[in-house]
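Novice: One file is attached below, upload-v1.cif, containing mmCIF, C-alpha atoms.
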```cif
data_run
loop_
_atom_site.label_atom_id
_atom_site.label_comp_id
_atom_site.auth_asym_id
_atom_site.auth_seq_id
_atom_site.Cartn_x
_atom_site.Cartn_y
_atom_site.Cartn_z
CA MET A 1 64.17 152.33 107.46
CA ARG A 2 65.31 154.52 110.33
CA ILE A 3 67.68 153.58 113.12
CA PRO A 4 66.31 154.65 116.53
CA ILE A 5 68.44 157.10 118.51
CA LEU A 6 67.88 157.13 122.27
CA LYS A 7 68.78 159.98 124.60
CA LEU A 8 70.11 159.26 128.08
CA HIS A 9 71.12 162.35 130.09
CA ASN A 10 73.68 164.05 127.84
CA TYR A 11 74.43 160.93 125.83
CA LEU A 12 72.88 159.47 122.71
CA LEU A 13 72.68 155.68 122.44
CA ILE A 14 72.29 153.81 119.20
CA SER A 15 72.14 150.07 118.73
CA ILE A 16 72.27 149.08 115.09
CA GLN A 17 70.29 145.86 114.73
CA MET A 18 69.72 145.54 111.02
CA ASP A 19 71.65 144.69 107.91
CA LEU A 20 72.63 148.21 106.84
CA ASP A 21 72.01 149.26 103.27
CA ASP A 22 73.63 152.41 101.93
CA GLN A 23 70.51 154.56 102.14
CA THR A 24 69.80 153.62 105.75
CA ALA A 25 73.42 154.38 106.64
CA ILE A 26 73.29 157.84 105.09
CA GLN A 27 69.91 158.54 106.66
CA PHE A 28 71.38 157.55 110.02
CA GLN A 29 74.28 159.96 109.52
CA GLU A 30 71.83 162.84 108.99
CA ASP A 31 69.50 161.79 111.81
CA LEU A 32 72.36 161.52 114.31
CA LEU A 33 73.81 164.94 113.50
CA ARG A 34 70.36 166.52 113.76
CA LYS A 35 69.77 164.79 117.09
CA ILE A 36 73.13 165.99 118.45
CA HIS A 37 72.18 169.51 117.42
CA GLU A 38 68.70 169.34 118.98
CA SER A 39 69.69 167.62 122.20
CA GLY A 40 73.08 169.20 122.84
CA ALA A 41 74.45 165.74 123.58
CA THR A 42 78.17 165.61 124.30
CA GLY A 43 78.69 161.88 123.92
CA VAL A 44 77.41 159.21 121.53
CA VAL A 45 77.72 155.43 121.68
CA ILE A 46 77.03 153.46 118.51
CA ASP A 47 76.73 149.80 119.39
CA LEU A 48 77.51 147.36 116.57
CA THR A 49 77.04 144.08 118.48
CA SER A 50 74.30 142.91 116.12
CA VAL A 51 76.05 143.99 112.94
CA ASP A 52 77.60 141.04 111.16
CA ILE A 53 78.99 142.80 108.14
CA ILE A 54 80.73 146.14 107.64
CA ASP A 55 81.85 146.74 104.08
CA SER A 56 83.93 149.66 102.81
CA PHE A 57 80.92 151.91 102.32
CA ILE A 58 79.48 151.38 105.80
CA ALA A 59 82.98 151.81 107.26
CA LYS A 60 83.31 155.11 105.42
CA VAL A 61 79.93 156.33 106.72
CA LEU A 62 80.82 155.32 110.30
CA GLY A 63 84.24 157.00 110.08
CA GLU A 64 82.63 160.14 108.73
CA VAL A 65 79.95 160.24 111.39
CA VAL A 66 82.68 160.22 114.05
CA SER A 67 84.47 163.18 112.39
CA MET A 68 81.24 165.10 111.75
CA SER A 69 80.05 164.66 115.33
CA SER A 70 83.45 165.76 116.56
CA LEU A 71 83.11 168.97 114.52
CA MET A 72 79.86 169.58 116.35
CA GLY A 73 81.49 168.97 119.72
CA ALA A 74 80.21 165.47 120.44
CA LYS A 75 82.44 162.51 121.11
CA VAL A 76 81.49 159.18 119.47
CA VAL A 77 82.55 155.71 120.56
CA LEU A 78 81.86 152.61 118.47
CA THR A 79 81.25 149.52 120.57
CA GLY A 80 80.72 145.80 120.18
CA ILE A 81 82.50 145.20 116.87
CA GLN A 82 82.35 141.42 116.37
CA PRO A 83 85.56 139.39 115.91
CA ALA A 84 84.57 138.38 112.36
CA VAL A 85 83.84 142.01 111.46
CA ALA A 86 87.19 143.20 112.88
CA MET A 87 89.06 140.56 110.87
CA THR A 88 87.17 141.40 107.69
CA LEU A 89 87.80 145.14 108.05
CA ILE A 90 91.56 144.60 108.36
CA ASP A 91 91.51 142.28 105.30
CA LEU A 92 89.73 145.04 103.44
CA GLY A 93 92.50 147.42 104.46
CA ILE A 94 90.26 149.54 106.66
CA HIS A 95 91.85 150.39 109.99
CA LEU A 96 89.53 153.11 111.35
CA GLN A 97 92.53 154.34 113.31
CA ASP A 98 91.12 157.65 114.52
CA VAL A 99 87.85 156.11 115.61
CA PRO A 100 87.41 155.52 119.36
CA THR A 101 86.13 152.02 120.13
CA ALA A 102 85.26 149.94 123.16
CA LEU A 103 84.44 146.30 123.81
CA ASP A 104 80.79 146.79 124.70
CA LEU A 105 78.20 149.41 125.58
CA GLU A 106 79.25 149.50 129.23
CA GLN A 107 82.93 150.04 128.39
CA GLY A 108 81.89 152.61 125.80
CA LEU A 109 80.02 154.66 128.38
CA ILE A 110 82.97 154.45 130.78
CA LYS A 111 85.30 155.63 128.02
CA LEU A 112 83.02 158.55 127.15
CA ARG A 113 82.71 159.63 130.76
CA GLN A 114 86.50 159.54 131.22
CA GLU A 115 87.18 161.50 128.05
CA LEU A 116 84.48 164.07 128.67
CA GLU A 117 85.63 164.70 132.24
CA ASP A 118 89.23 165.33 131.17
CA MET B 1 79.90 122.88 89.65
CA ASP B 2 76.85 121.76 91.54
CA PHE B 3 74.47 124.58 91.92
CA GLN B 4 74.14 127.99 90.43
CA SER B 5 71.91 130.89 91.33
CA CYS B 6 72.10 134.53 90.41
CA VAL B 7 70.95 137.81 91.89
CA THR B 8 70.25 140.69 89.55
CA ILE B 9 71.66 144.02 90.71
CA THR B 10 69.55 146.95 89.60
CA LYS B 11 68.92 148.93 92.76
CA GLU B 12 70.83 149.71 95.90
CA TRP B 13 68.87 147.28 98.06
CA ASP B 14 69.98 144.39 95.79
CA ILE B 15 73.46 144.79 97.31
CA VAL B 16 72.00 143.67 100.66
CA GLY B 17 69.98 140.90 98.97
CA ALA B 18 73.07 139.54 97.21
CA ARG B 19 75.21 139.42 100.33
CA GLN B 20 72.43 137.83 102.39
CA LEU B 21 71.96 135.07 99.80
CA GLY B 22 75.74 134.62 99.57
CA ARG B 23 76.03 134.30 103.32
CA ASP B 24 73.23 131.70 103.42
CA ILE B 25 74.94 129.63 100.71
CA ALA B 26 78.32 129.96 102.48
CA LYS B 27 76.72 128.76 105.72
CA LYS B 28 75.18 125.74 104.00
CA ILE B 29 78.55 124.79 102.50
CA GLY B 30 79.95 124.81 106.02
CA PHE B 31 82.00 128.01 106.21
CA GLY B 32 82.58 129.40 109.72
CA THR B 33 81.38 132.81 110.86
CA VAL B 34 84.61 134.62 109.95
CA ASP B 35 84.67 133.26 106.41
CA GLN B 36 80.93 133.93 106.10
CA ALA B 37 81.66 137.58 106.97
CA ARG B 38 84.55 137.68 104.48
CA ILE B 39 82.37 136.22 101.72
CA ALA B 40 79.42 138.53 102.49
CA THR B 41 81.73 141.55 102.54
CA ALA B 42 83.35 140.59 99.22
CA ILE B 43 79.89 140.20 97.64
CA SER B 44 78.88 143.59 99.02
CA GLU B 45 81.91 145.24 97.41
CA LEU B 46 81.37 143.48 94.06
CA ALA B 47 77.65 144.27 94.02
CA ARG B 48 78.27 147.90 94.92
CA ASN B 49 80.77 148.23 92.08
CA ILE B 50 78.13 146.94 89.66
CA TYR B 51 75.53 149.34 91.04
CA LEU B 52 77.89 152.36 91.07
CA TYR B 53 79.77 151.91 87.82
CA ALA B 54 77.63 149.77 85.53
CA GLY B 55 74.12 150.45 86.86
CA THR B 56 72.96 146.87 86.36
CA GLY B 57 74.49 143.43 86.37
CA LYS B 58 74.36 140.19 88.28
CA ILE B 59 76.10 138.20 90.97
CA CYS B 60 76.13 134.42 90.51
CA PHE B 61 76.99 131.71 93.01
CA GLU B 62 78.35 128.25 92.32
CA THR B 63 79.04 125.73 95.03
CA MET B 64 82.06 123.65 94.20
CA ASP B 65 82.35 120.13 95.50
CA ASN B 66 85.33 118.19 94.23
CA LEU B 67 86.73 115.01 95.71
CA ASN B 68 89.08 116.81 98.07
CA SER B 69 87.81 120.35 98.33
CA LYS B 70 84.63 122.31 98.75
CA GLY B 71 84.21 125.96 98.02
CA LEU B 72 82.12 128.81 96.76
CA ARG B 73 82.65 130.61 93.48
CA ILE B 74 81.16 134.07 93.03
CA ILE B 75 80.94 135.66 89.62
CA ALA B 76 80.08 139.35 89.20
CA ILE B 77 79.08 140.26 85.66
CA ASP B 78 78.04 143.58 84.16
CA ASN B 79 77.78 145.21 80.75
CA GLY B 80 79.02 148.55 82.01
CA PRO B 81 81.80 150.78 80.71
CA GLY B 82 84.56 148.35 81.73
CA ILE B 83 87.67 149.17 83.72
CA GLN B 84 90.15 151.48 81.99
CA ASP B 85 93.20 150.77 84.06
CA LEU B 86 93.24 147.50 85.99
CA THR B 87 96.48 148.29 87.81
CA GLN B 88 94.93 151.48 89.14
CA VAL B 89 91.74 149.86 90.47
CA MET B 90 93.78 147.15 92.18
CA THR B 91 95.70 149.79 94.13
CA ASP B 92 94.64 150.39 97.72
CA GLY B 93 93.10 153.80 98.16
CA PHE B 94 92.26 154.44 94.50
CA SER B 95 88.63 155.48 93.95
CA THR B 96 86.75 157.45 91.34
CA SER B 97 83.57 157.56 93.41
CA GLY B 98 84.76 159.17 96.64
CA GLY B 99 84.90 155.80 98.37
CA LEU B 100 87.75 154.43 100.45
CA GLY B 101 89.30 152.67 97.47
CA ALA B 102 89.26 149.43 99.44
CA GLY B 103 86.87 147.55 97.14
CA LEU B 104 88.73 145.36 94.65
CA PRO B 105 92.09 145.07 96.43
CA GLY B 106 90.06 144.25 99.56
CA VAL B 107 88.04 141.58 97.76
CA ARG B 108 91.27 139.99 96.55
CA ARG B 109 92.53 139.74 100.14
CA LEU B 110 89.20 138.43 101.45
CA MET B 111 89.00 135.59 98.92
CA ASP B 112 91.41 132.80 97.89
CA GLU B 113 91.23 133.23 94.12
CA PHE B 114 90.60 136.40 92.19
CA ASP B 115 90.30 136.89 88.47
CA VAL B 116 89.10 139.92 86.55
CA HIS B 117 88.29 140.33 82.87
CA SER B 118 87.27 143.70 81.56
CA GLN B 119 86.77 145.09 78.10
CA GLU B 120 86.33 148.83 77.72
CA GLY B 121 82.81 149.60 76.54
CA GLU B 122 81.66 145.99 76.94
CA GLY B 123 81.71 145.16 80.59
CA THR B 124 83.48 143.47 83.44
CA GLU B 125 83.50 139.95 84.83
CA ILE B 126 85.06 139.27 88.20
CA ASN B 127 85.45 135.70 89.35
CA VAL B 128 86.40 134.91 92.95
CA VAL B 129 86.62 131.69 94.95
CA LYS B 130 86.77 130.89 98.64
CA TRP B 131 87.81 127.36 99.61
CA LEU B 132 86.56 125.61 102.69
CA ARG B 133 89.47 124.83 104.99
#
```
Transcribe the structure of this file into structure tokens.
Specialist:
Amino acid sequence: MRIPILKLHNYLLISIQMDLDDQTAIQFQEDLLRKIHESGATGVVIDLTSVDIIDSFIAKVLGEVVSMSSLMGAKVVLTGIQPAVAMTLIDLGIHLQDVPTALDLEQGLIKLRQELED
Amino acid sequence: MDFQSCVTITKEWDIVGARQLGRDIAKKIGFGTVDQARIATAISELARNIYLYAGTGKICFETMDNLNSKGLRIIAIDNGPGIQDLTQVMTDGFSTSGGLGAGLPGVRRLMDEFDVHSQEGEGTEINVVKWLR
């Protein structure tokens, strides 16, 4: 399974709408980096509104994708993390402290625009 | 014990299958969305440990319905190499697989009861319970 990556001006938009298995997560990591390279995108929003579980592996992949994209010069914001997912992540001991987040897609785009204009 | 079903873990996709079944059972028992997420996440961690360290094993579910409490028991069983140092694997941040090291200590925090038995060379059995509040 592949997660679709949409391009909008110089942003990439991703809405994850499936129960992520490890292979799909790793494939997504590769696909996103390739797409950043091809498109020259400077900002990425990964929307997690429809994701109802993030375990330690998926959290690791998401954290890594933020760092990897940053190495390539693209800023990533994670949006729409559900209350239950946020509570579970903290119970797990995963704080994702260096990962930029926003409430929803709209706030995520605002955050990207602010950070990229600075 | 009222009901028991098991999911065999042999391939990576079984991790997703196990947590989906676990979530469905948790929902039927009456757990809310947050506890459903906790239970599904705990199952995911337990199933991934089986897949990564033992190769194959199974995750079993038992709904518990006593006079005054309802709950879900999850048992993860494998015949893998066993855990050498239990204190080490229960420490946050310890991992031999390049993971975050959040697995077992995380599962203990997500669930209400946590019990692990492991014999080197014979396998591991992890027994966890979440009670309905």
Novice: With 10 Å as the limit and counting only C-alpha atoms, what residues in chain B lie close to chain A? Please list them as an MDAnalysis selection string.
Specialist: chainID B and resid 12:17 19:20 32:45 48 92:93 98:111
Novice: Take the selection from the previous step and output its residues with C-alpha atoms, as an mmCIF file, in the frame of the given file.
Specialist:
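The new file again.cif reads:
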```cif
data_model
loop_
_atom_site.group_PDB
_atom_site.id
_atom_site.type_symbol
_atom_site.label_atom_id
_atom_site.label_comp_id
_atom_site.auth_asym_id
_atom_site.auth_seq_id
_atom_site.Cartn_x
_atom_site.Cartn_y
_atom_site.Cartn_z
ATOM 1 C CA GLU B 12 70.830 149.710 95.900
ATOM 2 C CA TRP B 13 68.870 147.280 98.060
ATOM 3 C CA ASP B 14 69.980 144.390 95.790
ATOM 4 C CA ILE B 15 73.460 144.790 97.310
ATOM 5 C CA VAL B 16 72.000 143.670 100.660
ATOM 6 C CA GLY B 17 69.980 140.900 98.970
ATOM 7 C CA ARG B 19 75.210 139.420 100.330
ATOM 8 C CA GLN B 20 72.430 137.830 102.390
ATOM 9 C CA GLY B 32 82.580 129.400 109.720
ATOM 10 C CA THR B 33 81.380 132.810 110.860
ATOM 11 C CA VAL B 34 84.610 134.620 109.950
ATOM 12 C CA ASP B 35 84.670 133.260 106.410
ATOM 13 C CA GLN B 36 80.930 133.930 106.100
ATOM 14 C CA ALA B 37 81.660 137.580 106.970
ATOM 15 C CA ARG B 38 84.550 137.680 104.480
ATOM 16 C CA ILE B 39 82.370 136.220 101.720
ATOM 17 C CA ALA B 40 79.420 138.530 102.490
ATOM 18 C CA THR B 41 81.730 141.550 102.540
ATOM 19 C CA ALA B 42 83.350 140.590 99.220
ATOM 20 C CA ILE B 43 79.890 140.200 97.640
ATOM 21 C CA SER B 44 78.880 143.590 99.020
ATOM 22 C CA GLU B 45 81.910 145.240 97.410
ATOM 23 C CA ARG B 48 78.270 147.900 94.920
ATOM 24 C CA ASP B 92 94.640 150.390 97.720
ATOM 25 C CA GLY B 93 93.100 153.800 98.160
ATOM 26 C CA GLY B 98 84.760 159.170 96.640
ATOM 27 C CA GLY B 99 84.900 155.800 98.370
ATOM 28 C CA LEU B 100 87.750 154.430 100.450
ATOM 29 C CA GLY B 101 89.300 152.670 97.470
ATOM 30 C CA ALA B 102 89.260 149.430 99.440
ATOM 31 C CA GLY B 103 86.870 147.550 97.140
ATOM 32 C CA LEU B 104 88.730 145.360 94.650
ATOM 33 C CA PRO B 105 92.090 145.070 96.430
ATOM 34 C CA GLY B 106 90.060 144.250 99.560
ATOM 35 C CA VAL B 107 88.040 141.580 97.760
ATOM 36 C CA ARG B 108 91.270 139.990 96.550
ATOM 37 C CA ARG B 109 92.530 139.740 100.140
ATOM 38 C CA LEU B 110 89.200 138.430 101.450
ATOM 39 C CA MET B 111 89.000 135.590 98.920
#
```
Novice: Which is closest to Asp31 (chain A) among A:Arg2, A:Ile58, A:Gln17, A:Val51, if we use only C-alpha atoms?
Specialist: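 Between A:Arg2, A:Ile58, A:Gln17, A:Val51, the residue approaching Asp31 (chain A) most closely is A:Arg2.
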Novice: Between CA of Val65 (chain A) and CA of Glu30 (chain A), measure the distance and give it in Å to one decimal.
Specialist: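 Separation between CA of Val65 (chain A) and CA of Glu30 (chain A): 8.9 Å.
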Novice: Evaluate the PyMOL selection byres ((chain B and resi 130) around 9) on the structure here and hand back the selected residues as a VMD selection string.
Specialist: chain B and resid 35 39 70 to 74 110 to 113 128 to 129 131 to 132
Novice: For region 39-47 of chain A, take all atoms listed in the file, fit an axis-aligned box around them, add 4 Å to each of the six sides, then output centre and edge lengths in Å rounded to one decimal, as JSON.
Specialist:
```
{"center_x": 74.2, "center_y": 159.5, "center_z": 121.4, "size_x": 17.0, "size_y": 27.4, "size_z": 13.8}
```
Novice: Tell me which residues the PyMOL selection byres ((chain A and resi 105-114) around 8) grabs here, as a count of residues only.
Specialist: 18
Novice: How many Å lie between CA of Ile59 (chain B) and CA of Glu120 (chain B), rounded to one decimal?
Specialist: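 Separation between CA of Ile59 (chain B) and CA of Glu120 (chain B): 19.8 Å.
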Novice: What is the CA of Gly63 (chain A)-CA of His95 (chain A) distance in Å, reported with one decimal?
Specialist: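 Between CA of Gly63 (chain A) and CA of His95 (chain A) the gap is 10.1 Å.
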Novice: Dump C-alpha atoms of region 44-107 of chain A from the given block, as a short mmCIF file (atom, residue, chain, number, x, y, z; two decimals), in the first residue's frame.
Specialist:
```cif
data_model
loop_
_atom_site.label_atom_id
_atom_site.label_comp_id
_atom_site.auth_asym_id
_atom_site.auth_seq_id
_atom_site.Cartn_x
_atom_site.Cartn_y
_atom_site.Cartn_z
CA VAL A 44 5.18 19.37 4.33
CA VAL A 45 2.00 18.76 6.30
CA ILE A 46 1.29 15.22 7.46
CA ASP A 47 -2.29 15.03 8.68
CA LEU A 48 -3.02 12.28 11.21
CA THR A 49 -6.72 13.03 11.84
CA SER A 50 -7.79 9.56 10.68
CA VAL A 51 -5.03 7.70 12.49
CA ASP A 52 -6.33 6.05 15.64
CA ILE A 53 -3.18 4.34 16.78
CA ILE A 54 0.48 5.37 16.83
CA ASP A 55 2.74 2.80 18.43
CA SER A 56 6.46 3.18 19.17
CA PHE A 57 7.50 2.05 15.70
CA ILE A 58 5.21 4.45 13.82
CA ALA A 59 6.26 7.23 16.20
CA LYS A 60 9.90 6.50 15.42
CA VAL A 61 9.25 6.58 11.66
CA LEU A 62 7.34 9.88 11.95
CA GLY A 63 10.06 11.44 14.12
CA GLU A 64 12.70 10.33 11.65
CA VAL A 65 10.82 11.63 8.64
CA VAL A 66 10.75 15.08 10.26
CA SER A 67 14.54 15.00 10.83
CA MET A 68 15.29 13.58 7.38
CA SER A 69 13.13 16.19 5.64
CA SER A 70 14.80 18.89 7.68
CA LEU A 71 18.21 17.69 6.43
CA MET A 72 16.89 18.15 2.92
CA GLY A 73 15.65 21.65 3.70
CA ALA A 74 11.93 20.97 4.07
CA LYS A 75 9.93 21.77 7.15
CA VAL A 76 7.38 19.17 8.33
CA VAL A 77 4.37 19.76 10.55
CA LEU A 78 2.27 16.92 11.96
CA THR A 79 -1.39 17.82 12.33
CA GLY A 80 -4.60 16.40 13.72
CA ILE A 81 -3.22 14.04 16.36
CA GLN A 82 -6.32 12.67 18.12
CA PRO A 83 -6.74 13.08 21.90
CA ALA A 84 -6.60 9.30 22.46
CA VAL A 85 -3.42 9.05 20.39
CA ALA A 86 -1.76 11.92 22.30
CA MET A 87 -2.59 10.27 25.64
CA THR A 88 -1.33 6.89 24.48
CA LEU A 89 1.95 8.33 23.18
CA ILE A 90 2.70 9.99 26.52
CA ASP A 91 1.86 6.72 28.36
CA LEU A 92 4.30 4.99 26.05
CA GLY A 93 6.93 7.55 27.02
CA ILE A 94 7.11 9.10 23.57
CA HIS A 95 7.12 12.88 23.65
CA LEU A 96 8.12 13.79 20.07
CA GLN A 97 9.48 17.01 21.52
CA ASP A 98 11.35 18.28 18.48
CA VAL A 99 8.47 17.59 16.14
CA PRO A 100 6.38 20.60 15.06
CA THR A 101 2.65 19.96 15.41
CA ALA A 102 -0.60 21.82 14.85
CA LEU A 103 -4.25 21.22 15.68
CA ASP A 104 -5.45 20.67 12.14
CA LEU A 105 -4.46 21.01 8.49
CA GLU A 106 -5.40 24.69 8.39
CA GLN A 107 -3.32 25.55 11.47
#
```
